[in-house]
$ cat entry_22.cif   # mmCIF, C-alpha atoms
data_input
loop_
_atom_site.group_PDB
_atom_site.id
_atom_site.type_symbol
_atom_site.label_atom_id
_atom_site.label_comp_id
_atom_site.auth_asym_id
_atom_site.auth_seq_id
_atom_site.Cartn_x
_atom_site.Cartn_y
_atom_site.Cartn_z
ATOM 1 C CA MET T 72 -27.787 36.746 -15.893
ATOM 2 C CA LYS T 73 -27.128 34.248 -13.214
ATOM 3 C CA ASN T 74 -24.487 31.583 -13.432
ATOM 4 C CA LYS T 75 -26.428 29.291 -11.094
ATOM 5 C CA TYR T 76 -29.029 27.452 -13.130
ATOM 6 C CA ILE T 77 -32.453 26.684 -11.740
ATOM 7 C CA ALA T 78 -33.527 23.345 -13.117
ATOM 8 C CA LEU T 79 -37.126 24.002 -13.984
ATOM 9 C CA VAL T 80 -38.762 23.256 -17.299
ATOM 10 C CA THR T 81 -40.292 25.975 -19.469
ATOM 11 C CA VAL T 82 -41.854 25.418 -22.858
ATOM 12 C CA MET T 83 -40.650 28.152 -25.163
ATOM 13 C CA LEU T 84 -42.519 28.618 -28.423
ATOM 14 C CA PHE T 85 -41.732 31.072 -31.138
ATOM 15 C CA PHE T 86 -44.896 32.592 -32.546
ATOM 16 C CA GLY T 87 -44.992 34.023 -36.032
ATOM 17 C CA CYS T 88 -44.901 37.764 -36.209
ATOM 18 C CA LYS T 89 -47.135 39.873 -38.415
ATOM 19 C CA SER T 90 -46.124 43.187 -39.896
ATOM 20 C CA VAL T 91 -48.519 46.078 -40.217
ATOM 21 C CA GLU T 92 -48.451 49.228 -42.253
ATOM 22 C CA ASN T 93 -50.592 51.256 -39.874
ATOM 23 C CA ASN T 94 -51.537 50.478 -36.300
ATOM 24 C CA LYS T 95 -54.666 52.444 -35.441
ATOM 25 C CA THR T 96 -55.237 50.835 -32.051
ATOM 26 C CA VAL T 97 -52.413 52.626 -30.254
ATOM 27 C CA ALA T 98 -52.002 56.247 -29.331
ATOM 28 C CA SER T 99 -49.518 58.526 -31.013
ATOM 29 C CA VAL T 100 -45.941 58.324 -29.818
ATOM 30 C CA SER T 101 -43.016 60.689 -29.932
ATOM 31 C CA LYS T 102 -41.410 61.287 -33.270
ATOM 32 C CA ILE T 103 -38.594 58.931 -34.167
ATOM 33 C CA GLU T 104 -35.325 60.438 -33.037
ATOM 34 C CA VAL T 105 -31.946 58.808 -33.436
ATOM 35 C CA VAL T 106 -30.438 58.129 -30.042
ATOM 36 C CA GLU T 107 -26.900 59.478 -29.931
ATOM 37 C CA THR T 108 -24.228 56.793 -29.799
ATOM 38 C CA SER T 109 -21.890 59.199 -27.999
ATOM 39 C CA GLU T 110 -24.230 59.481 -25.013
ATOM 40 C CA ILE T 111 -24.625 55.715 -24.751
ATOM 41 C CA ALA T 112 -20.858 55.318 -25.032
ATOM 42 C CA SER T 113 -20.265 57.899 -22.303
ATOM 43 C CA ASN T 114 -22.620 56.147 -19.862
ATOM 44 C CA LEU T 115 -21.188 52.758 -20.761
ATOM 45 C CA LYS T 116 -17.611 53.926 -20.290
ATOM 46 C CA PHE T 117 -18.236 55.413 -16.849
ATOM 47 C CA LEU T 118 -20.311 52.518 -15.513
ATOM 48 C CA SER T 119 -17.603 50.025 -16.518
ATOM 49 C CA SER T 120 -14.652 52.149 -15.436
ATOM 50 C CA ASP T 121 -11.981 50.972 -12.983
ATOM 51 C CA GLU T 122 -13.021 53.627 -10.478
ATOM 52 C CA LEU T 123 -16.311 51.774 -9.873
ATOM 53 C CA MET T 124 -14.345 48.730 -8.686
ATOM 54 C CA GLY T 125 -16.502 46.160 -10.466
ATOM 55 C CA ARG T 126 -19.715 47.458 -8.790
ATOM 56 C CA GLN T 127 -19.923 44.744 -6.145
ATOM 57 C CA ILE T 128 -22.534 45.359 -3.455
ATOM 58 C CA GLY T 129 -21.150 46.920 -0.299
ATOM 59 C CA THR T 130 -18.368 48.828 -2.089
ATOM 60 C CA ASP T 131 -17.784 52.511 -2.730
ATOM 61 C CA GLY T 132 -17.836 51.648 -6.423
ATOM 62 C CA ILE T 133 -21.454 50.573 -6.531
ATOM 63 C CA ASP T 134 -22.398 53.600 -4.418
ATOM 64 C CA ARG T 135 -20.779 55.821 -7.041
ATOM 65 C CA ALA T 136 -22.709 53.989 -9.755
ATOM 66 C CA ALA T 137 -25.962 54.490 -7.811
ATOM 67 C CA LEU T 138 -25.250 58.209 -7.483
ATOM 68 C CA TYR T 139 -24.445 58.490 -11.192
ATOM 69 C CA LEU T 140 -27.682 56.740 -12.206
ATOM 70 C CA SER T 141 -29.746 58.859 -9.807
ATOM 71 C CA GLU T 142 -28.206 62.116 -11.027
ATOM 72 C CA THR T 143 -28.681 61.100 -14.652
ATOM 73 C CA LEU T 144 -32.391 60.458 -14.059
ATOM 74 C CA MET T 145 -32.674 63.781 -12.219
ATOM 75 C CA ASN T 146 -31.038 65.584 -15.158
ATOM 76 C CA MET T 147 -33.696 64.031 -17.409
ATOM 77 C CA ASP T 148 -36.411 65.430 -15.076
ATOM 78 C CA ILE T 149 -37.414 61.865 -14.190
ATOM 79 C CA GLN T 150 -38.534 62.005 -10.569
ATOM 80 C CA PRO T 151 -37.887 59.368 -7.897
ATOM 81 C CA TYR T 152 -40.718 56.902 -7.383
ATOM 82 C CA PHE T 153 -40.093 56.684 -3.640
ATOM 83 C CA GLU T 154 -38.995 59.568 -1.413
ATOM 84 C CA THR T 155 -35.538 59.325 -2.988
ATOM 85 C CA TYR T 156 -34.216 57.401 -5.981
ATOM 86 C CA ARG T 157 -32.712 54.780 -3.671
ATOM 87 C CA ASP T 158 -34.807 51.774 -2.693
ATOM 88 C CA GLU T 159 -32.677 50.295 0.090
ATOM 89 C CA PHE T 160 -32.573 46.679 1.243
ATOM 90 C CA GLU T 161 -30.093 44.381 2.942
ATOM 91 C CA VAL T 162 -28.122 41.398 1.702
ATOM 92 C CA ASN T 163 -26.366 39.492 4.485
ATOM 93 C CA GLY T 164 -26.036 42.647 6.551
ATOM 94 C CA ILE T 165 -24.903 44.785 3.609
ATOM 95 C CA THR T 166 -27.153 47.708 2.660
ATOM 96 C CA THR T 167 -27.569 48.248 -1.060
ATOM 97 C CA SER T 168 -30.104 50.035 -3.257
ATOM 98 C CA ASN T 169 -32.211 49.686 -6.341
ATOM 99 C CA ILE T 170 -32.565 52.984 -8.210
ATOM 100 C CA VAL T 171 -36.183 53.750 -9.127
ATOM 101 C CA GLY T 172 -37.587 56.666 -11.135
ATOM 102 C CA ILE T 173 -41.048 57.327 -12.529
ATOM 103 C CA ILE T 174 -42.395 58.805 -15.761
ATOM 104 C CA PRO T 175 -46.092 59.504 -15.009
ATOM 105 C CA GLY T 176 -48.668 58.423 -17.551
ATOM 106 C CA THR T 177 -51.072 60.921 -19.111
ATOM 107 C CA ASP T 178 -54.218 58.853 -19.710
ATOM 108 C CA LYS T 179 -56.909 59.250 -17.033
ATOM 109 C CA LYS T 180 -57.572 55.514 -16.893
ATOM 110 C CA LEU T 181 -54.316 53.910 -17.945
ATOM 111 C CA LYS T 182 -51.928 56.101 -15.930
ATOM 112 C CA ASP T 183 -52.551 53.844 -12.922
ATOM 113 C CA GLU T 184 -51.081 50.914 -14.863
ATOM 114 C CA TYR T 185 -47.284 50.606 -14.914
ATOM 115 C CA VAL T 186 -44.718 49.359 -17.378
ATOM 116 C CA ILE T 187 -41.319 48.651 -15.833
ATOM 117 C CA ILE T 188 -38.082 48.913 -17.800
ATOM 118 C CA GLY T 189 -34.969 47.811 -15.987
ATOM 119 C CA ALA T 190 -31.412 46.532 -15.903
ATOM 120 C CA HIS T 191 -29.152 45.402 -13.080
ATOM 121 C CA TYR T 192 -26.202 47.653 -12.330
ATOM 122 C CA ASP T 193 -24.285 45.519 -9.835
ATOM 123 C CA HIS T 194 -21.478 43.156 -10.796
ATOM 124 C CA ILE T 195 -19.114 40.695 -9.134
ATOM 125 C CA GLY T 196 -16.229 43.031 -8.279
ATOM 126 C CA THR T 197 -13.311 40.725 -9.003
ATOM 127 C CA SER T 198 -12.640 37.570 -10.988
ATOM 128 C CA GLU T 199 -9.762 35.231 -11.798
ATOM 129 C CA SER T 200 -6.586 37.227 -12.321
ATOM 130 C CA VAL T 201 -5.333 37.717 -15.890
ATOM 131 C CA GLU T 202 -1.925 39.350 -16.267
ATOM 132 C CA GLY T 203 -2.250 40.796 -12.773
ATOM 133 C CA ASP T 204 -5.734 42.232 -13.376
ATOM 134 C CA GLU T 205 -8.455 40.978 -11.004
ATOM 135 C CA LEU T 206 -11.043 43.727 -11.556
ATOM 136 C CA ALA T 207 -14.236 42.546 -13.258
ATOM 137 C CA ASN T 208 -15.520 45.778 -14.810
ATOM 138 C CA GLY T 209 -18.818 44.310 -16.010
ATOM 139 C CA ALA T 210 -19.074 46.293 -19.230
ATOM 140 C CA ASN T 211 -21.335 43.880 -21.075
ATOM 141 C CA ASP T 212 -22.738 42.527 -17.797
ATOM 142 C CA ASN T 213 -24.456 44.867 -17.333
ATOM 143 C CA ALA T 214 -23.282 48.408 -17.982
ATOM 144 C CA SER T 215 -24.533 47.792 -21.522
ATOM 145 C CA GLY T 216 -28.088 47.130 -20.334
ATOM 146 C CA CYS T 217 -28.002 50.151 -18.032
ATOM 147 C CA SER T 218 -26.850 52.375 -20.888
ATOM 148 C CA ALA T 219 -29.745 51.167 -23.034
ATOM 149 C CA VAL T 220 -32.273 51.797 -20.260
ATOM 150 C CA LEU T 221 -30.925 55.311 -19.665
ATOM 151 C CA ALA T 222 -31.292 56.073 -23.372
ATOM 152 C CA LEU T 223 -34.834 54.679 -23.527
ATOM 153 C CA ALA T 224 -35.806 56.526 -20.358
ATOM 154 C CA LYS T 225 -34.682 59.789 -21.934
ATOM 155 C CA GLU T 226 -36.834 59.134 -25.004
ATOM 156 C CA PHE T 227 -39.823 58.039 -22.920
ATOM 157 C CA SER T 228 -39.570 61.156 -20.735
ATOM 158 C CA LYS T 229 -40.116 63.301 -23.842
ATOM 159 C CA ALA T 230 -43.092 61.292 -25.085
ATOM 160 C CA ASN T 231 -46.808 61.512 -24.321
ATOM 161 C CA LEU T 232 -47.246 58.044 -22.820
ATOM 162 C CA LYS T 233 -50.581 56.737 -21.571
ATOM 163 C CA ARG T 234 -49.282 54.394 -18.877
ATOM 164 C CA SER T 235 -46.803 55.263 -16.185
ATOM 165 C CA VAL T 236 -43.275 53.934 -16.545
ATOM 166 C CA LEU T 237 -40.947 52.873 -13.744
ATOM 167 C CA VAL T 238 -37.274 53.109 -14.673
ATOM 168 C CA VAL T 239 -35.344 50.691 -12.460
ATOM 169 C CA PHE T 240 -31.709 49.785 -11.979
ATOM 170 C CA PHE T 241 -31.464 46.673 -9.841
ATOM 171 C CA SER T 242 -28.785 45.841 -7.314
ATOM 172 C CA ALA T 243 -27.864 42.357 -6.033
ATOM 173 C CA GLU T 244 -28.833 40.576 -9.240
ATOM 174 C CA GLU T 245 -25.526 38.765 -9.029
ATOM 175 C CA SER T 246 -26.470 37.626 -5.507
ATOM 176 C CA GLY T 247 -29.578 35.791 -6.725
ATOM 177 C CA LEU T 248 -31.952 38.394 -8.221
ATOM 178 C CA LEU T 249 -32.356 39.817 -4.717
ATOM 179 C CA GLY T 250 -32.943 43.427 -5.771
ATOM 180 C CA SER T 251 -35.784 42.569 -8.116
ATOM 181 C CA ILE T 252 -37.286 40.096 -5.639
ATOM 182 C CA HIS T 253 -37.278 42.838 -3.006
ATOM 183 C CA LEU T 254 -38.824 45.446 -5.305
ATOM 184 C CA ALA T 255 -41.457 43.137 -6.785
ATOM 185 C CA LYS T 256 -42.696 42.272 -3.295
ATOM 186 C CA LYS T 257 -42.617 45.920 -2.258
ATOM 187 C CA LEU T 258 -44.728 46.862 -5.305
ATOM 188 C CA ARG T 259 -47.115 43.901 -5.056
ATOM 189 C CA LYS T 260 -50.206 46.152 -4.848
ATOM 190 C CA LEU T 261 -49.174 48.076 -7.967
ATOM 191 C CA ASN T 262 -51.091 47.478 -11.202
ATOM 192 C CA VAL T 263 -48.172 46.270 -13.351
ATOM 193 C CA TYR T 264 -48.952 45.847 -17.053
ATOM 194 C CA ALA T 265 -45.582 44.555 -18.293
ATOM 195 C CA MET T 266 -41.887 44.416 -17.446
ATOM 196 C CA TYR T 267 -38.997 44.571 -19.915
ATOM 197 C CA ASN T 268 -35.441 43.936 -18.750
ATOM 198 C CA PHE T 269 -32.171 44.667 -20.589
ATOM 199 C CA GLU T 270 -29.139 42.431 -20.190
ATOM 200 C CA MET T 271 -25.797 42.079 -21.973
ATOM 201 C CA LEU T 272 -26.340 44.064 -25.184
ATOM 202 C CA GLY T 273 -22.740 45.002 -25.932
ATOM 203 C CA VAL T 274 -22.064 43.064 -29.136
ATOM 204 C CA PRO T 275 -24.263 41.873 -32.032
ATOM 205 C CA MET T 276 -25.558 38.319 -32.247
ATOM 206 C CA GLU T 277 -23.992 35.980 -34.785
ATOM 207 C CA LYS T 278 -25.805 34.424 -37.749
ATOM 208 C CA THR T 279 -29.321 35.581 -36.972
ATOM 209 C CA GLU T 280 -31.977 37.592 -38.764
ATOM 210 C CA HIS T 281 -33.298 39.257 -35.604
ATOM 211 C CA LEU T 282 -31.579 42.012 -33.665
ATOM 212 C CA VAL T 283 -32.196 40.801 -30.107
ATOM 213 C CA TYR T 284 -33.592 37.702 -28.470
ATOM 214 C CA GLN T 285 -36.248 37.740 -25.780
ATOM 215 C CA THR T 286 -36.352 35.229 -22.979
ATOM 216 C CA GLY T 287 -39.624 33.436 -22.326
ATOM 217 C CA ILE T 288 -40.796 34.295 -25.808
ATOM 218 C CA GLY T 289 -43.614 31.743 -25.719
ATOM 219 C CA ILE T 290 -45.027 32.916 -22.389
ATOM 220 C CA SER T 291 -46.711 36.078 -23.700
ATOM 221 C CA ASN T 292 -47.489 37.928 -26.924
ATOM 222 C CA MET T 293 -44.938 40.658 -26.158
ATOM 223 C CA ALA T 294 -42.463 39.709 -28.884
ATOM 224 C CA ASP T 295 -45.212 39.318 -31.468
ATOM 225 C CA LYS T 296 -46.553 42.774 -30.609
ATOM 226 C CA ILE T 297 -43.157 44.470 -30.652
ATOM 227 C CA ASN T 298 -42.469 43.020 -34.084
ATOM 228 C CA GLU T 299 -45.943 43.980 -35.249
ATOM 229 C CA TYR T 300 -45.517 47.550 -34.038
ATOM 230 C CA ALA T 301 -42.085 47.728 -35.688
ATOM 231 C CA GLY T 302 -43.368 46.327 -38.985
ATOM 232 C CA LYS T 303 -40.447 43.880 -39.058
ATOM 233 C CA ILE T 304 -38.848 41.185 -36.970
ATOM 234 C CA ILE T 305 -36.618 42.778 -34.339
ATOM 235 C CA VAL T 306 -37.128 40.280 -31.531
ATOM 236 C CA GLY T 307 -36.545 36.544 -31.857
ATOM 237 C CA GLN T 308 -35.532 33.483 -29.894
ATOM 238 C CA LEU T 309 -32.184 32.040 -28.804
ATOM 239 C CA PRO T 310 -31.925 28.253 -29.302
ATOM 240 C CA GLU T 311 -29.829 27.898 -26.129
ATOM 241 C CA GLU T 312 -32.561 29.358 -23.925
ATOM 242 C CA MET T 313 -33.926 26.044 -22.697
ATOM 243 C CA LYS T 314 -30.449 24.686 -21.969
ATOM 244 C CA TYR T 315 -29.500 27.637 -19.776
ATOM 245 C CA GLN T 316 -32.985 28.443 -18.407
ATOM 246 C CA LEU T 317 -32.506 32.108 -19.306
ATOM 247 C CA PHE T 318 -36.044 33.210 -18.489
ATOM 248 C CA ARG T 319 -35.385 32.426 -14.824
ATOM 249 C CA ARG T 320 -31.900 33.876 -14.642
ATOM 250 C CA SER T 321 -32.519 37.627 -14.751
ATOM 251 C CA ASP T 322 -34.646 40.219 -12.984
ATOM 252 C CA ASN T 323 -37.677 39.829 -15.234
ATOM 253 C CA TYR T 324 -38.454 36.542 -13.489
ATOM 254 C CA SER T 325 -39.180 38.180 -10.123
ATOM 255 C CA PHE T 326 -41.955 40.258 -11.702
ATOM 256 C CA TYR T 327 -43.391 37.333 -13.627
ATOM 257 C CA LEU T 328 -43.699 35.370 -10.382
ATOM 258 C CA GLU T 329 -45.189 38.269 -8.410
ATOM 259 C CA PHE T 330 -47.581 39.725 -11.018
ATOM 260 C CA ASN T 331 -48.076 37.057 -13.714
ATOM 261 C CA VAL T 332 -47.758 39.673 -16.453
ATOM 262 C CA PRO T 333 -45.493 39.749 -19.524
ATOM 263 C CA SER T 334 -42.011 40.035 -18.004
ATOM 264 C CA HIS T 335 -39.035 39.376 -20.249
ATOM 265 C CA THR T 336 -35.357 40.058 -20.762
ATOM 266 C CA VAL T 337 -33.825 41.109 -24.080
ATOM 267 C CA SER T 338 -30.179 40.419 -24.832
ATOM 268 C CA THR T 339 -27.683 39.910 -27.632
ATOM 269 C CA PHE T 340 -25.237 37.711 -25.710
ATOM 270 C CA ASP T 341 -25.535 34.368 -27.521
ATOM 271 C CA PHE T 342 -22.776 32.365 -25.767
ATOM 272 C CA LYS T 343 -20.612 32.515 -28.916
ATOM 273 C CA ASN T 344 -20.151 36.212 -29.641
ATOM 274 C CA TYR T 345 -18.443 37.321 -26.431
ATOM 275 C CA PRO T 346 -15.937 35.203 -24.447
ATOM 276 C CA TYR T 347 -15.689 37.430 -21.366
ATOM 277 C CA TYR T 348 -18.674 36.555 -19.184
ATOM 278 C CA HIS T 349 -17.691 37.260 -15.525
ATOM 279 C CA HIS T 350 -14.173 37.855 -16.805
ATOM 280 C CA VAL T 351 -11.664 40.627 -16.137
ATOM 281 C CA LYS T 352 -11.657 41.460 -19.855
ATOM 282 C CA ASP T 353 -15.360 42.357 -19.852
ATOM 283 C CA GLN T 354 -14.317 45.922 -20.578
ATOM 284 C CA TYR T 355 -15.582 48.948 -22.457
ATOM 285 C CA GLU T 356 -13.128 48.673 -25.360
ATOM 286 C CA PHE T 357 -14.484 45.267 -26.410
ATOM 287 C CA LEU T 358 -18.062 46.494 -26.817
ATOM 288 C CA ASP T 359 -19.899 48.089 -29.731
ATOM 289 C CA SER T 360 -21.697 51.289 -28.718
ATOM 290 C CA ASN T 361 -23.158 51.642 -32.216
ATOM 291 C CA HIS T 362 -24.840 48.280 -31.778
ATOM 292 C CA ILE T 363 -26.360 49.304 -28.437
ATOM 293 C CA SER T 364 -27.630 52.506 -30.060
ATOM 294 C CA ASN T 365 -29.174 50.466 -32.848
ATOM 295 C CA VAL T 366 -30.975 48.258 -30.304
ATOM 296 C CA VAL T 367 -32.350 51.329 -28.538
ATOM 297 C CA ASN T 368 -33.428 53.016 -31.764
ATOM 298 C CA GLU T 369 -35.195 49.903 -33.037
ATOM 299 C CA LEU T 370 -37.010 49.215 -29.750
ATOM 300 C CA ASN T 371 -37.874 52.801 -28.817
ATOM 301 C CA ILE T 372 -41.089 53.285 -30.775
ATOM 302 C CA PRO T 373 -42.372 49.681 -30.461
ATOM 303 C CA LEU T 374 -41.966 49.882 -26.682
ATOM 304 C CA GLN T 375 -43.744 53.233 -26.626
ATOM 305 C CA LYS T 376 -46.593 51.522 -28.447
ATOM 306 C CA VAL T 377 -46.599 48.762 -25.837
ATOM 307 C CA ILE T 378 -46.910 51.440 -23.156
ATOM 308 C CA ASN T 379 -49.725 53.129 -25.092
ATOM 309 C CA SER T 380 -51.528 49.947 -26.167
ATOM 310 C CA ASN T 381 -55.206 49.292 -25.536
ATOM 311 C CA ALA T 382 -56.253 47.629 -22.307
ATOM 312 C CA ASP T 383 -55.154 43.993 -22.140
ATOM 313 C CA GLU T 384 -53.541 44.101 -25.590
ATOM 314 C CA ILE T 385 -50.310 42.702 -24.135
ATOM 315 C CA TYR T 386 -50.903 39.555 -22.107
ATOM 316 C CA VAL T 387 -49.574 36.272 -20.769
ATOM 317 C CA TYR T 388 -50.802 33.163 -22.549
ATOM 318 C CA GLU T 389 -52.891 30.785 -20.496
ATOM 319 C CA LYS T 390 -50.886 28.004 -18.882
#

$ encode --input "entry_22.cif" --output "structure tokens"
Amino acid sequence: MKNKYIALVTVMLFFGCKSVENNKTVASVSKIEVVETSEIASNLKFLSSDELMGRQIGTDGIDRAALYLSETLMNMDIQPYFETYRDEFEVNGITTSNIVGIIPGTDKKLKDEYVIIGAHYDHIGTSESVEGDELANGANDNASGCSAVLALAKEFSKANLKRSVLVVFFSAEESGLLGSIHLAKKLRKLNVYAMYNFEMLGVPMEKTEHLVYQTGIGISNMADKINEYAGKIIVGQLPEEMKYQLFRRSDNYSFYLEFNVPSHTVSTFDFKNYPYYHHVKDQYEFLDSNHISNVVNELNIPLQKVINSNADEIYVYEK
């Protein structure tokens, strides 16, 4: 999420969520499998390790992260969407890359519609020194989101999904959402159905009945549908959203502007539960891999049902 606020006004409404016992309007999804915490922890630990140098664009560290993400997708048999996994672009003369894979849909009509799941993998490199340490590892921001997307991608790749899914890891989010802006414009002719972005999921929220909050919750029926498909309230709202303009501060916003489709970020960073935003102590050992696994396991099947939903079942409310 960006630390430069964009002072625009958004009306965020929280719509009541209905539970259902059986949803007969969506296609079958893969059986519920528990995502292994150890695999999430392994990805999280590597992506936030010192050897990646804080994953700042233009460094060997972010190149190593890009290679790791590409190889992990390849090992899942998720193919690159472009000629290679790397979608290159420039930021002030520095070449960097989004990482983009595709899980093809199986429905004759709906396979030409795309759901995008994503997380940014870049970080700020260094921050204010604490006890001689200047390296900002970016564990919560956003190795945690990347680990969740990798886990979901693995589950989606084993499922029989109607729509196609793009799995994206964005670069240059910390430079002003530049990776997602670049990719959204590059894909502007694509039939995008929805976009779901994962950001700062490393520790549980405090004093809340829902597991995650979704930015821009009143802009579409996405949260209502996810909760309906889950049969319980998983997704809710963060009261601080308006104050910090969160809907506009992560990569979901680029796709909302370009496609005007449901495009949201989910997070569990609530401004009280983790004191290390853009801090050198944003490190692996302070995060809860079990919590990230729980987020993935709770969202897995509802998101598969979003991907398999009937035409126009997920939509943006009229302005």

$ closest_residue --input "entry_22.cif" --among "T:Met124, T:Val239, T:Val387, T:Leu138" --to "Ser198 of chain T" --atoms "only C-alpha atoms"
T:Met124

$ closest_atom_pairs --input "entry_22.cif" --of "segment 90-180 of chain T" --to "segment 214-219 of chain T" --cutoff "6 Å" --atoms "all atoms listed in the file" --output "tab-separated table"
residue	atom	partner	partner_atom	distance
T:Ile111	CA	T:Ser218	CA	5.6
T:Asn114	CA	T:Ser218	CA	5.8
T:Leu115	CA	T:Ala214	CA	5.6
T:Leu118	CA	T:Ala214	CA	5.6

$ closest_residue --input "entry_22.cif" --among "T:Thr177, T:Tyr284, T:Ser246, T:Val274" --to "Ser360 of chain T" --atoms "all atoms listed in the file"
T:Val274

$ residues_around --input "entry_22.cif" --residues "Leu181 of chain T" --least-positions-apart "3" --cutoff "9 Å" --atoms "only C-alpha atoms" --output "PyMOL selection string"
chain T and resi 176-178+184-185+233-235+379+381-382

$ resolve_selection --input "entry_22.cif" --expression "the PyMOL selection byres ((chain T and resi 307-315) around 6)" --output "list in words"
His281, Tyr284, Gln285, Val306, Gln316 and Leu317 of chain T

$ atom_distance --input "entry_22.cif" --atom1 "atom CA of Val263 of chain T" --atom2 "atom CA of Phe330 of chain T"
7.0 Å

$ resolve_selection --input "entry_22.cif" --expression "the PyMOL selection byres ((chain T and resi 163) around 12)" --output "list in words"
Ile128, Gly129, Phe160, Glu161, Val162, Gly164, Ile165, Thr166, Thr167, Ala243, Ser246 and Leu249 of chain T

$ write_last_selection --input "entry_22.cif" --atoms "C-alpha atoms" --output "compact mmCIF listing (two decimals), keeping the file's coordinate frame"
# COMPACT_ATOMS: atom_id res chain seq x y z
CA ILE T 128 -22.53 45.36 -3.46
CA GLY T 129 -21.15 46.92 -0.30
CA PHE T 160 -32.57 46.68 1.24
CA GLU T 161 -30.09 44.38 2.94
CA VAL T 162 -28.12 41.40 1.70
CA GLY T 164 -26.04 42.65 6.55
CA ILE T 165 -24.90 44.78 3.61
CA THR T 166 -27.15 47.71 2.66
CA THR T 167 -27.57 48.25 -1.06
CA ALA T 243 -27.86 42.36 -6.03
CA SER T 246 -26.47 37.63 -5.51
CA LEU T 249 -32.36 39.82 -4.72

$ residues_around --input "entry_22.cif" --residues "Leu358 of chain T" --least-positions-apart "6" --cutoff "10 Å" --atoms "all atoms listed in the file" --output "PDB file with C-alpha atoms, in the frame of the given file"
ATOM      1  CA  ALA T 112     -20.858  55.318 -25.032  1.00  0.00           C
ATOM      2  CA  LEU T 115     -21.188  52.758 -20.761  1.00  0.00           C
ATOM      3  CA  LYS T 116     -17.611  53.926 -20.290  1.00  0.00           C
ATOM      4  CA  ALA T 210     -19.074  46.293 -19.230  1.00  0.00           C
ATOM      5  CA  ASN T 211     -21.335  43.880 -21.075  1.00  0.00           C
ATOM      6  CA  SER T 215     -24.533  47.792 -21.522  1.00  0.00           C
ATOM      7  CA  LEU T 272     -26.340  44.064 -25.184  1.00  0.00           C
ATOM      8  CA  GLY T 273     -22.740  45.002 -25.932  1.00  0.00           C
ATOM      9  CA  VAL T 274     -22.064  43.064 -29.136  1.00  0.00           C
ATOM     10  CA  PRO T 275     -24.263  41.873 -32.032  1.00  0.00           C
ATOM     11  CA  TYR T 345     -18.443  37.321 -26.431  1.00  0.00           C
TER      12      TYR T 345
END

$ atom_distance --input "entry_22.cif" --atom1 "atom CA of Asn344 of chain T" --atom2 "atom CA of Phe269 of chain T"
17.3 Å

$ closest_residue --input "entry_22.cif" --among "T:Val351, T:Met276, T:Leu237, T:Leu248" --to "Ile173 of chain T" --atoms "only C-alpha atoms"
T:Leu237

$ atom_distance --input "entry_22.cif" --atom1 "atom CA of Ala230 of chain T" --atom2 "atom CA of Leu282 of chain T"
24.0 Å

$ residues_around --input "entry_22.cif" --residues "Ser325 of chain T" --least-positions-apart "4" --cutoff "7 Å" --atoms "only C-alpha atoms" --output "PDB file with C-alpha atoms, in the coordinates of the input"
ATOM      1  CA  SER T 251     -35.784  42.569  -8.116  1.00  0.00           C
ATOM      2  CA  ILE T 252     -37.286  40.096  -5.639  1.00  0.00           C
ATOM      3  CA  ALA T 255     -41.457  43.137  -6.785  1.00  0.00           C
ATOM      4  CA  GLU T 329     -45.189  38.269  -8.410  1.00  0.00           C
TER       5      GLU T 329
END

$ closest_residue --input "entry_22.cif" --among "T:Ser200, T:Ser168, T:Ser120, T:Thr108" --to "His349 of chain T" --atoms "all atoms listed in the file"
T:Ser200

$ residues_around --input "entry_22.cif" --residues "Ile297 of chain T" --least-positions-apart "5" --cutoff "8 Å" --atoms "all atoms listed in the file" --output "list of chain:residue names"
T:Ile305, T:Val306, T:Leu370, T:Pro373, T:Leu374, T:Val377

$ closest_residue --input "entry_22.cif" --among "T:Gly189, T:Pro151, T:Pro175, T:Gly209" --to "Arg126 of chain T" --atoms "only C-alpha atoms"
T:Gly209

$ residues_around --input "entry_22.cif" --residues "Glu384 of chain T" --least-positions-apart "4" --cutoff "9 Å" --atoms "only C-alpha atoms" --output "list in words"
Asn292, Lys296, Val377 and Ser380 of chain T

$ residues_near_point --input "entry_22.cif" --point "(-11.6, 44.7, -12.5)" --cutoff "8 Å" --atoms "only C-alpha atoms" --output "CSV table (one decimal) with C-alpha atoms, keeping the file's coordinate frame"
chain,number,residue,atom,x,y,z
T,121,ASP,CA,-12.0,51.0,-13.0
T,124,MET,CA,-14.3,48.7,-8.7
T,125,GLY,CA,-16.5,46.2,-10.5
T,196,GLY,CA,-16.2,43.0,-8.3
T,197,THR,CA,-13.3,40.7,-9.0
T,198,SER,CA,-12.6,37.6,-11.0
T,204,ASP,CA,-5.7,42.2,-13.4
T,205,GLU,CA,-8.5,41.0,-11.0
T,206,LEU,CA,-11.0,43.7,-11.6
T,207,ALA,CA,-14.2,42.5,-13.3
T,208,ASN,CA,-15.5,45.8,-14.8
T,351,VAL,CA,-11.7,40.6,-16.1
